[in-house]
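Undergrad: This is upload-v4.txt (compact mmCIF, C-alpha atoms and all ligand atoms).
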```txt
# COMPACT_ATOMS: atom_id res chain seq x y z
CA MET A 1 0.00 0.00 0.00
CA SER A 2 1.38 3.46 -0.85
CA GLU A 3 2.26 6.20 1.64
CA GLN A 4 -0.35 8.36 0.02
CA LYS A 5 -3.17 5.86 0.63
CA SER A 6 -2.50 5.28 4.33
CA SER A 7 -2.24 8.99 5.02
CA VAL A 8 -5.63 9.46 3.32
CA ASP A 9 -7.06 6.77 5.54
CA ASN A 10 -5.60 8.50 8.58
CA ALA A 11 -7.21 11.81 7.74
CA ILE A 12 -10.57 10.16 7.23
CA ALA A 13 -10.20 8.13 10.43
CA ALA A 14 -9.36 11.35 12.29
CA LEU A 15 -12.53 12.95 10.94
CA ASN A 16 -14.61 9.99 12.07
CA ASP A 17 -13.09 10.03 15.56
CA LEU A 18 -13.75 13.72 15.76
CA LYS A 19 -17.44 13.27 14.91
CA VAL A 20 -17.80 10.77 17.74
CA GLU A 21 -16.09 13.09 20.23
CA ILE A 22 -18.28 15.96 19.11
CA GLU A 23 -21.41 13.97 19.89
CA GLU A 24 -20.31 12.26 23.05
CA THR A 25 -18.58 14.94 25.07
CA ALA A 26 -20.80 15.79 28.05
CA LEU A 27 -21.84 19.45 28.30
CA SER A 28 -23.30 19.67 31.75
CA THR A 29 -21.47 22.68 33.17
CA SER A 30 -20.67 26.07 31.70
CA GLN A 31 -16.95 25.37 32.24
CA GLY A 32 -17.45 22.19 30.20
CA VAL A 33 -19.09 24.17 27.38
CA ASP A 34 -16.19 26.66 27.31
CA ASP A 35 -13.61 23.87 27.14
CA TYR A 36 -15.59 22.23 24.38
CA ARG A 37 -15.70 25.43 22.38
CA ILE A 38 -11.94 25.96 22.65
CA ARG A 39 -11.11 22.36 21.95
CA PHE A 40 -13.01 22.24 18.68
CA LEU A 41 -13.45 25.80 17.43
CA SER A 42 -10.29 27.68 18.51
CA ARG A 43 -8.88 29.19 15.35
CA LYS A 44 -5.33 28.42 16.38
CA GLN A 45 -5.34 25.06 18.18
CA GLY A 46 -8.88 23.81 17.57
CA GLN A 47 -9.43 20.35 16.17
CA ILE A 48 -11.57 21.60 13.29
CA THR A 49 -8.73 23.84 12.12
CA ALA A 50 -6.31 20.97 12.51
CA LEU A 51 -8.43 18.82 10.28
CA LEU A 52 -8.84 21.52 7.63
CA LYS A 53 -5.05 21.60 7.42
CA ARG A 54 -5.09 17.94 6.45
CA ILE A 55 -7.18 18.43 3.31
CA PRO A 56 -4.07 18.14 1.09
CA GLU A 57 -3.55 14.58 2.38
CA VAL A 58 -6.84 13.54 0.79
CA ALA A 59 -7.01 12.46 -2.84
CA PRO A 60 -8.00 15.47 -5.03
CA GLU A 61 -11.33 13.97 -6.08
CA ASP A 62 -12.36 13.40 -2.44
CA ARG A 63 -11.37 16.76 -1.08
CA LYS A 64 -14.66 18.47 -1.72
CA LYS A 65 -16.60 15.84 0.24
CA PHE A 66 -14.00 15.82 3.02
CA GLY A 67 -14.27 19.59 3.36
CA GLN A 68 -18.06 19.46 3.42
CA GLU A 69 -17.98 16.90 6.18
CA ILE A 70 -15.66 19.05 8.28
CA ASN A 71 -18.07 21.95 7.87
CA ALA A 72 -20.98 19.74 8.94
CA ALA A 73 -19.00 18.64 12.00
CA LYS A 74 -18.31 22.27 12.85
CA ALA A 75 -22.00 23.09 12.55
CA ARG A 76 -22.77 20.28 15.02
CA VAL A 77 -20.31 21.76 17.50
CA VAL A 78 -21.98 25.14 17.22
CA ALA A 79 -25.45 23.60 17.55
CA ARG A 80 -24.49 21.60 20.64
CA ILE A 81 -22.97 24.66 22.29
CA GLU A 82 -26.13 26.65 21.67
CA GLU A 83 -28.34 23.94 23.00
CA ALA A 84 -26.26 23.37 26.12
CA THR A 85 -25.99 27.08 26.82
CA GLY A 86 -29.78 27.40 26.60
CA GLU A 87 -30.30 24.55 29.00
CA LEU A 88 -27.75 25.80 31.49
CA SER A 89 -29.26 29.26 31.56
CA ASP A 90 -32.75 27.80 32.11
CA GLU A 91 -31.38 25.98 35.07
CA SER A 92 -29.66 28.97 36.53
CA ASP A 93 -32.84 31.05 36.05
CA ALA A 94 -34.71 28.54 38.10
CA SER A 95 -32.17 28.41 40.87
CA SER A 96 -31.50 32.11 41.07
CA GLY A 97 -35.21 32.85 41.54
CA GLN A 98 -36.53 33.70 44.96
CA VAL A 99 -36.52 30.64 47.17
CA ASP A 100 -39.06 30.56 49.96
CA LEU A 101 -37.33 28.63 52.70
CA THR A 102 -40.46 28.57 54.83
CA LEU A 103 -42.40 26.41 52.37
CA PRO A 104 -43.08 22.88 53.62
CA GLY A 105 -40.98 20.21 51.89
CA ARG A 106 -42.42 18.01 49.20
CA ALA A 107 -43.37 14.59 50.52
CA MET A 108 -41.46 11.82 48.78
CA ALA A 109 -43.62 8.93 47.67
CA GLN A 110 -42.33 5.76 49.24
CA GLY A 111 -42.63 2.46 47.45
CA SER A 112 -43.20 -0.88 49.11
CA LEU A 113 -42.83 -4.55 48.33
CA HIS A 114 -45.73 -6.13 46.51
CA PRO A 115 -47.85 -8.35 48.79
CA ILE A 116 -46.91 -11.37 46.67
CA THR A 117 -43.22 -10.63 47.21
CA GLN A 118 -43.83 -10.15 50.91
CA ALA A 119 -45.69 -13.45 51.21
CA GLN A 120 -43.05 -15.23 49.12
CA ARG A 121 -40.23 -13.97 51.32
CA LEU A 122 -42.11 -14.87 54.46
CA ILE A 123 -42.75 -18.42 53.27
CA THR A 124 -39.20 -19.06 52.07
CA ARG A 125 -37.76 -17.62 55.27
CA VAL A 126 -39.69 -20.08 57.41
CA PHE A 127 -38.14 -22.99 55.54
CA GLU A 128 -34.69 -21.40 55.39
CA ASN A 129 -34.81 -21.39 59.16
CA TYR A 130 -35.18 -25.17 59.01
CA GLY A 131 -32.11 -25.55 56.82
CA PHE A 132 -33.71 -25.48 53.37
CA GLU A 133 -31.79 -23.66 50.67
CA VAL A 134 -33.49 -21.53 48.03
CA ALA A 135 -33.32 -22.71 44.40
CA GLU A 136 -34.89 -21.58 41.15
CA GLY A 137 -35.65 -23.03 37.74
CA PRO A 138 -36.72 -21.85 34.28
CA GLU A 139 -40.27 -20.70 33.53
CA ILE A 140 -40.07 -22.15 30.02
CA GLU A 141 -39.94 -25.89 30.44
CA ASP A 142 -40.03 -29.01 28.37
CA ASP A 143 -42.58 -31.77 28.66
CA TRP A 144 -40.05 -34.04 30.34
CA HIS A 145 -39.47 -31.86 33.39
CA ASN A 146 -43.00 -30.53 33.72
CA PHE A 147 -44.82 -33.84 33.19
CA SER A 148 -43.06 -37.05 32.14
CA ALA A 149 -40.33 -37.12 34.76
CA LEU A 150 -43.00 -36.36 37.34
CA ASN A 151 -44.68 -39.62 36.47
CA PHE A 152 -47.50 -38.25 34.32
CA PRO A 153 -47.90 -41.09 31.75
CA PRO A 154 -48.33 -39.86 28.14
CA ASP A 155 -52.09 -40.23 27.98
CA HIS A 156 -52.87 -40.05 31.63
CA PRO A 157 -55.87 -37.87 32.42
CA ALA A 158 -53.77 -36.18 35.12
CA ARG A 159 -52.16 -34.12 32.37
CA ASP A 160 -55.55 -32.53 31.85
CA MET A 161 -55.56 -31.40 35.45
CA GLN A 162 -53.41 -28.53 34.29
CA ASP A 163 -54.30 -26.46 31.31
CA THR A 164 -51.03 -25.74 29.65
CA PHE A 165 -49.74 -22.83 27.58
CA PHE A 166 -47.65 -24.52 24.90
CA ILE A 167 -44.88 -22.57 23.18
CA GLU A 168 -44.19 -25.47 20.83
CA PRO A 169 -46.81 -28.19 20.73
CA PRO A 170 -45.81 -31.82 21.28
CA GLY A 171 -44.13 -33.15 18.13
CA GLU A 172 -41.81 -35.87 16.97
CA GLU A 173 -38.66 -34.24 18.25
CA HIS A 174 -39.85 -33.41 21.73
CA GLY A 175 -42.95 -33.70 23.86
CA GLY A 176 -43.59 -29.97 23.72
CA ILE A 177 -42.11 -26.74 25.08
CA LEU A 178 -44.37 -24.99 27.51
CA LEU A 179 -44.76 -22.44 30.27
CA ARG A 180 -44.36 -24.47 33.43
CA THR A 181 -47.68 -25.22 35.09
CA HIS A 182 -46.13 -25.73 38.52
CA THR A 183 -42.78 -25.44 40.29
CA SER A 184 -42.45 -29.23 40.59
CA PRO A 185 -40.21 -29.50 37.46
CA VAL A 186 -37.52 -27.81 39.55
CA GLN A 187 -37.58 -30.90 41.82
CA ILE A 188 -36.49 -32.91 38.80
CA ARG A 189 -33.80 -30.44 37.74
CA ILE A 190 -32.31 -30.48 41.22
CA MET A 191 -32.44 -34.25 41.67
CA GLU A 192 -30.90 -34.75 38.21
CA ASN A 193 -27.91 -32.71 39.26
CA ARG A 194 -27.36 -33.52 42.89
CA GLU A 195 -26.97 -36.34 45.34
CA PRO A 196 -29.08 -36.59 48.49
CA PRO A 197 -29.34 -35.19 51.04
CA ILE A 198 -31.33 -32.53 49.19
CA ARG A 199 -33.33 -29.91 51.03
CA VAL A 200 -34.58 -27.04 48.88
CA ILE A 201 -37.33 -24.47 48.74
CA VAL A 202 -38.23 -23.16 45.28
CA PRO A 203 -40.28 -20.01 44.79
CA GLY A 204 -41.37 -19.11 41.27
CA ARG A 205 -43.92 -18.06 38.75
CA VAL A 206 -46.20 -20.58 37.02
CA TYR A 207 -48.77 -20.35 34.24
CA ARG A 208 -52.11 -21.99 33.58
CA ASN A 209 -54.51 -21.47 30.77
CA GLU A 210 -57.53 -21.05 32.99
CA ALA A 211 -60.62 -18.89 32.85
CA ILE A 212 -59.78 -15.75 34.82
CA SER A 213 -61.97 -15.19 37.85
CA TYR A 214 -61.78 -13.95 41.44
CA LYS A 215 -59.94 -17.14 42.37
CA SER A 216 -57.76 -17.95 39.38
CA TYR A 217 -55.45 -16.03 37.11
CA CYS A 218 -53.41 -17.09 34.05
CA LEU A 219 -50.21 -16.75 36.02
CA PHE A 220 -49.49 -17.09 39.70
CA HIS A 221 -46.70 -18.02 42.08
CA GLN A 222 -45.86 -21.19 43.92
CA VAL A 223 -43.36 -22.31 46.48
CA GLU A 224 -42.14 -25.86 46.15
CA GLY A 225 -40.38 -27.78 48.89
CA LEU A 226 -38.34 -30.95 48.50
CA TYR A 227 -36.46 -33.04 51.03
CA VAL A 228 -34.73 -36.27 50.01
CA ASP A 229 -32.51 -38.20 52.37
CA GLU A 230 -32.20 -41.54 54.12
CA GLY A 231 -35.11 -42.24 56.43
CA VAL A 232 -37.38 -39.28 55.58
CA THR A 233 -40.93 -40.10 56.66
CA MET A 234 -44.41 -38.68 56.51
CA ALA A 235 -44.03 -37.77 60.19
CA ASP A 236 -41.20 -35.38 59.23
CA LEU A 237 -43.45 -33.87 56.60
CA LYS A 238 -46.34 -33.31 59.00
CA GLN A 239 -44.06 -31.85 61.61
CA ILE A 240 -42.52 -29.24 59.32
CA LEU A 241 -45.80 -28.25 57.69
CA HIS A 242 -47.41 -27.83 61.09
CA ALA A 243 -44.53 -25.61 62.18
CA PHE A 244 -44.97 -23.63 58.97
CA ALA A 245 -48.72 -23.18 59.55
CA ARG A 246 -48.13 -22.03 63.11
CA THR A 247 -45.67 -19.37 61.96
CA LEU A 248 -48.02 -18.05 59.29
CA PHE A 249 -51.42 -18.42 60.90
CA GLY A 250 -50.73 -18.43 64.64
CA GLU A 251 -49.81 -20.89 67.38
CA ASP A 252 -53.32 -22.27 67.74
CA VAL A 253 -53.81 -22.97 64.02
CA LYS A 254 -55.73 -26.14 63.20
CA MET A 255 -54.35 -28.12 60.26
CA ARG A 256 -55.36 -31.36 58.60
CA PHE A 257 -54.08 -33.74 55.94
CA ARG A 258 -56.71 -34.88 53.46
CA PRO A 259 -55.90 -37.83 51.14
CA SER A 260 -55.45 -36.68 47.55
CA PHE A 261 -53.67 -37.61 44.35
CA PHE A 262 -50.64 -36.32 42.47
CA PRO A 263 -48.80 -38.52 39.96
CA PHE A 264 -45.42 -37.69 41.52
CA THR A 265 -46.22 -38.36 45.18
CA GLU A 266 -47.42 -41.49 46.92
CA PRO A 267 -49.20 -41.21 49.23
CA SER A 268 -50.47 -37.72 48.43
CA ALA A 269 -52.40 -35.26 50.52
CA GLU A 270 -53.86 -31.81 50.53
CA VAL A 271 -53.28 -29.65 53.55
CA ASP A 272 -56.13 -27.58 54.94
CA ILE A 273 -56.12 -25.03 57.71
CA TRP A 274 -59.16 -24.07 59.74
CA TRP A 275 -60.17 -20.55 58.84
CA LYS A 276 -62.10 -18.97 61.72
CA ASP A 277 -64.96 -16.80 60.61
CA ASP A 278 -67.86 -16.18 62.98
CA ALA A 279 -70.09 -15.18 60.08
CA LEU A 280 -69.96 -18.75 58.77
CA PRO A 281 -72.14 -21.55 60.13
CA GLY A 282 -69.86 -23.64 62.34
CA GLY A 283 -67.61 -20.63 63.04
CA GLY A 284 -65.29 -21.13 60.08
CA ARG A 285 -64.27 -23.49 57.32
CA TRP A 286 -61.38 -25.61 56.09
CA MET A 287 -59.22 -23.91 53.47
CA GLU A 288 -56.80 -25.79 51.28
CA ILE A 289 -53.31 -24.30 51.34
CA MET A 290 -51.10 -26.82 49.58
CA GLY A 291 -50.54 -30.18 47.91
CA THR A 292 -47.99 -32.60 49.31
CA GLY A 293 -46.87 -36.20 49.64
CA MET A 294 -43.96 -38.61 49.70
CA VAL A 295 -41.93 -38.49 46.49
CA ASP A 296 -43.03 -41.43 44.33
CA PRO A 297 -40.23 -44.04 44.04
CA ASN A 298 -40.72 -43.95 40.24
CA VAL A 299 -39.73 -40.30 40.24
CA LEU A 300 -36.60 -41.01 42.30
CA GLU A 301 -35.58 -43.90 40.05
CA GLY A 302 -36.22 -41.78 36.94
CA VAL A 303 -33.56 -39.29 38.04
CA GLY A 304 -31.14 -41.98 39.16
CA ILE A 305 -31.72 -41.88 42.91
CA ASP A 306 -31.85 -45.26 44.65
CA SER A 307 -35.39 -45.48 46.02
CA GLU A 308 -34.46 -48.41 48.28
CA ARG A 309 -32.01 -46.24 50.10
CA TYR A 310 -33.62 -42.80 49.93
CA THR A 311 -37.08 -41.43 50.57
CA GLY A 312 -38.36 -37.90 50.36
CA TYR A 313 -41.27 -35.57 50.71
CA ALA A 314 -42.43 -32.70 48.52
CA PHE A 315 -45.00 -29.98 48.85
CA GLY A 316 -46.24 -27.12 46.72
CA MET A 317 -48.35 -24.13 47.63
CA GLY A 318 -49.81 -21.14 45.86
CA ILE A 319 -48.37 -17.88 47.16
CA GLU A 320 -51.41 -15.84 46.11
CA ARG A 321 -53.65 -18.17 48.08
CA ILE A 322 -51.55 -17.68 51.21
CA ALA A 323 -51.30 -13.91 50.68
CA MET A 324 -55.06 -13.67 50.22
CA LEU A 325 -55.70 -15.56 53.44
CA ARG A 326 -53.17 -13.58 55.44
CA TYR A 327 -54.15 -10.15 54.16
CA GLY A 328 -57.88 -10.78 53.73
CA ILE A 329 -57.91 -10.27 49.95
CA ASP A 330 -60.93 -11.79 48.25
CA ASP A 331 -60.12 -11.32 44.54
CA ILE A 332 -56.84 -12.58 43.07
CA ARG A 333 -57.03 -10.17 40.14
CA ILE A 334 -56.37 -7.15 42.31
CA LEU A 335 -52.86 -8.52 42.91
CA TYR A 336 -52.13 -7.95 39.23
CA GLU A 337 -53.71 -4.56 38.64
CA ASN A 338 -51.00 -2.38 40.20
CA ASP A 339 -53.61 -0.08 41.64
CA ASN A 340 -51.76 2.24 44.00
CA ARG A 341 -54.69 2.56 46.38
CA PHE A 342 -54.41 -1.17 46.97
CA LEU A 343 -50.62 -1.46 47.00
CA LYS A 344 -50.12 1.45 49.38
CA GLN A 345 -51.69 -0.57 52.17
CA PHE A 346 -48.70 -2.90 52.20
CA SER A 347 -45.97 -0.36 52.92
N1 LIG B 401 -47.35 -29.30 41.84
C1 LIG B 401 -48.61 -29.51 42.54
C2 LIG B 401 -49.63 -28.51 41.97
O1 LIG B 401 -49.25 -27.57 41.33
C3 LIG B 401 -48.47 -29.31 44.01
C4 LIG B 401 -47.62 -30.35 44.67
C5 LIG B 401 -46.26 -30.16 44.83
C6 LIG B 401 -48.17 -31.53 45.13
C7 LIG B 401 -45.48 -31.10 45.44
C8 LIG B 401 -47.40 -32.49 45.76
C9 LIG B 401 -46.05 -32.27 45.90
O2 LIG B 401 -50.80 -28.63 42.19
```
Represent the structure from my file as structure tokens, please.
Ligand code: PHE

TA:
Amino acid sequence: MSEQKSSVDNAIAALNDLKVEIEETALSTSQGVDDYRIRFLSRKQGQITALLKRIPEVAPEDRKKFGQEINAAKARVVARIEEATGELSDESDASSGQVDLTLPGRAMAQGSLHPITQAQRLITRVFENYGFEVAEGPEIEDDWHNFSALNFPPDHPARDMQDTFFIEPPGEEHGGILLRTHTSPVQIRIMENREPPIRVIVPGRVYRNEAISYKSYCLFHQVEGLYVDEGVTMADLKQILHAFARTLFGEDVKMRFRPSFFPFTEPSAEVDIWWKDDALPGGGRWMEIMGTGMVDPNVLEGVGIDSERYTGYAFGMGIERIAMLRYGIDDIRILYENDNRFLKQFS
């Protein structure tokens, strides 16, 4: 390459660098604006002048364009100086005006944690105190983790228990990509990657394609718990859930296990607490707060855990449900409306 050519390139590169500097230099103080003016526009040492001096380096046929571009760059410098000067003088007008120091201060609006976040933190903290660690998993799942590995057989009606949002429908290559319908797939992800003892608590968002009403929404939050070790029994499960219910709903809370069914636990139960309400006949009613059970040996074997040696329990609860009970909210939809009048009550 000739001397001539690389020098041309240098002049053009210098112009391009200059344009970037012209745009990016911050002009937030009047001292800054003065420096900027001198740096670019000073007739003696300014960078625009310096560049004009390099016109002879450029090939004759390109000189006109090169010169025009320098002029355009110069115009930008002038425009930016004008703009910044205008802004700075507006500011100083405002601050040099009469200030009434006796005026009361402006109250600062204070934000607060959303009731779902508050309930989620409360729930996870209870289990952290018992030695559970917090884990998370993806909201976009595959069929394997959300269903198959959890012992839902391909055509089992249990799959219909959960109306699923599919991102990719089941096909030949995979059984479908979907928005997880519960946090239980995280059980699988953890057991696939770790050896017992495993003791985790998994908060997260889940999705179901349900009709929206006061009691169900298309997305909600769950907290999953999983404990796998040698000698874990149903008695351990009852003990920890009772401790949990006492922390959330008071020392005298009444709790019961009701036989139920989930494909991934055996036996399975639903947990109810007694909700006192004098307006109701009988002084209250049982409210379901979670699903639970002993991890099905099939699930353990499926992720390579020896079900002769290890047993485990799992549970899953809806955070909205718990928040609604604790805070006396009777319509789930209000949790998703971001109405300040509602949210302000939780600060
Ligand atoms: N995943 C179940 C649901 O969403 C809840 C559950 C979790 C049940 C763990 C048993 C064990 O309904």

Undergrad: Could you report the residues within 9 Å of ligand LIG 401 (chain B), using only C-alpha atoms and all ligand atoms, as a compact mmCIF listing (two decimals) with C-alpha atoms, keeping the file's coordinate frame?

TA:
```
# COMPACT_ATOMS: atom_id res chain seq x y z
CA MET A 161 -55.56 -31.40 35.45
CA GLN A 162 -53.41 -28.53 34.29
CA THR A 181 -47.68 -25.22 35.09
CA HIS A 182 -46.13 -25.73 38.52
CA THR A 183 -42.78 -25.44 40.29
CA SER A 184 -42.45 -29.23 40.59
CA PRO A 185 -40.21 -29.50 37.46
CA GLN A 187 -37.58 -30.90 41.82
CA VAL A 206 -46.20 -20.58 37.02
CA GLN A 222 -45.86 -21.19 43.92
CA VAL A 223 -43.36 -22.31 46.48
CA GLU A 224 -42.14 -25.86 46.15
CA GLY A 225 -40.38 -27.78 48.89
CA LEU A 226 -38.34 -30.95 48.50
CA PHE A 261 -53.67 -37.61 44.35
CA PHE A 262 -50.64 -36.32 42.47
CA PRO A 263 -48.80 -38.52 39.96
CA PHE A 264 -45.42 -37.69 41.52
CA THR A 265 -46.22 -38.36 45.18
CA SER A 268 -50.47 -37.72 48.43
CA ALA A 269 -52.40 -35.26 50.52
CA GLU A 270 -53.86 -31.81 50.53
CA MET A 290 -51.10 -26.82 49.58
CA GLY A 291 -50.54 -30.18 47.91
CA THR A 292 -47.99 -32.60 49.31
CA GLY A 293 -46.87 -36.20 49.64
CA MET A 294 -43.96 -38.61 49.70
CA VAL A 295 -41.93 -38.49 46.49
CA TYR A 313 -41.27 -35.57 50.71
CA ALA A 314 -42.43 -32.70 48.52
CA PHE A 315 -45.00 -29.98 48.85
CA GLY A 316 -46.24 -27.12 46.72
CA MET A 317 -48.35 -24.13 47.63
CA GLY A 318 -49.81 -21.14 45.86
```

Undergrad: Given the point (-15.0, 20.9, 10.6) in the coordinates of this file, which residues lie within 12 Å, counting only C-alpha atoms, and how would they look as a ChimeraX atom specification?

TA: /A:14-16,18-19,22,40-43,46-55,65-78

Undergrad: Could you check the closest approach to Glu266 in chain A for each of A:Ser213, A:Asn151, A:Thr164, A:Ser89 and tell me which residue wins, using only C-alpha atoms?

TA: A:Asn151

Undergrad: Set the distance at 8 Å and use only C-alpha atoms: which residues neighbour Pro197 in chain A once local chain neighbours fewer than 6 positions away are removed? I'd like the list as a list in words.

TA: Tyr227, Val228, Asp229 and Glu230 of chain A

Undergrad: Quick one: of A:Asn146, A:Asn209, A:Asn129, A:Gln345, who's nearest to Phe165 in chain A, counting only C-alpha atoms?

TA: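 Among the listed residues, A:Asn209 lies closest to Phe165 in chain A.
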
Undergrad: Measure the distance from CA of Gly131 in chain A to CA of Val200 in chain A in Å and round it to one decimal.

TA: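 One can read the CA of Gly131 in chain A to CA of Val200 in chain A distance as 8.4 Å.
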
Undergrad: Report as a tab-separated table: every residue of range 225-322 of chain A with an atom at most 12 Å from range 97-115 of chain A, its closest pair of atoms, and their distance in Å to one decimal, counting all atoms listed in the file, with rows sorted by chain and ascending residue number.

TA:
```
residue	atom	partner	partner_atom	distance
A:Ile319	CA	A:Pro115	CA	9.7
A:Glu320	CA	A:Pro115	CA	8.7
A:Arg321	CA	A:Pro115	CA	11.4
A:Ile322	CA	A:Pro115	CA	10.3
```

Undergrad: Rank nothing, just name the residue among A:Lys44, A:Arg341, A:Pro196, A:Asp143 nearest to Gly171 in chain A, using all atoms listed in the file.

TA: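 Of the candidates, the smallest distance to Gly171 in chain A is held by A:Asp143.
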
Undergrad: Report, as JSON, the axis-aligned box around all atoms of range 205-212 of chain A present in the file, extended by 8 Å on each side; give centre and edge lengths in Å to one decimal place.

TA:
```
{"center_x": -52.3, "center_y": -18.9, "center_z": 34.8, "size_x": 32.7, "size_y": 22.2, "size_z": 24.0}
```
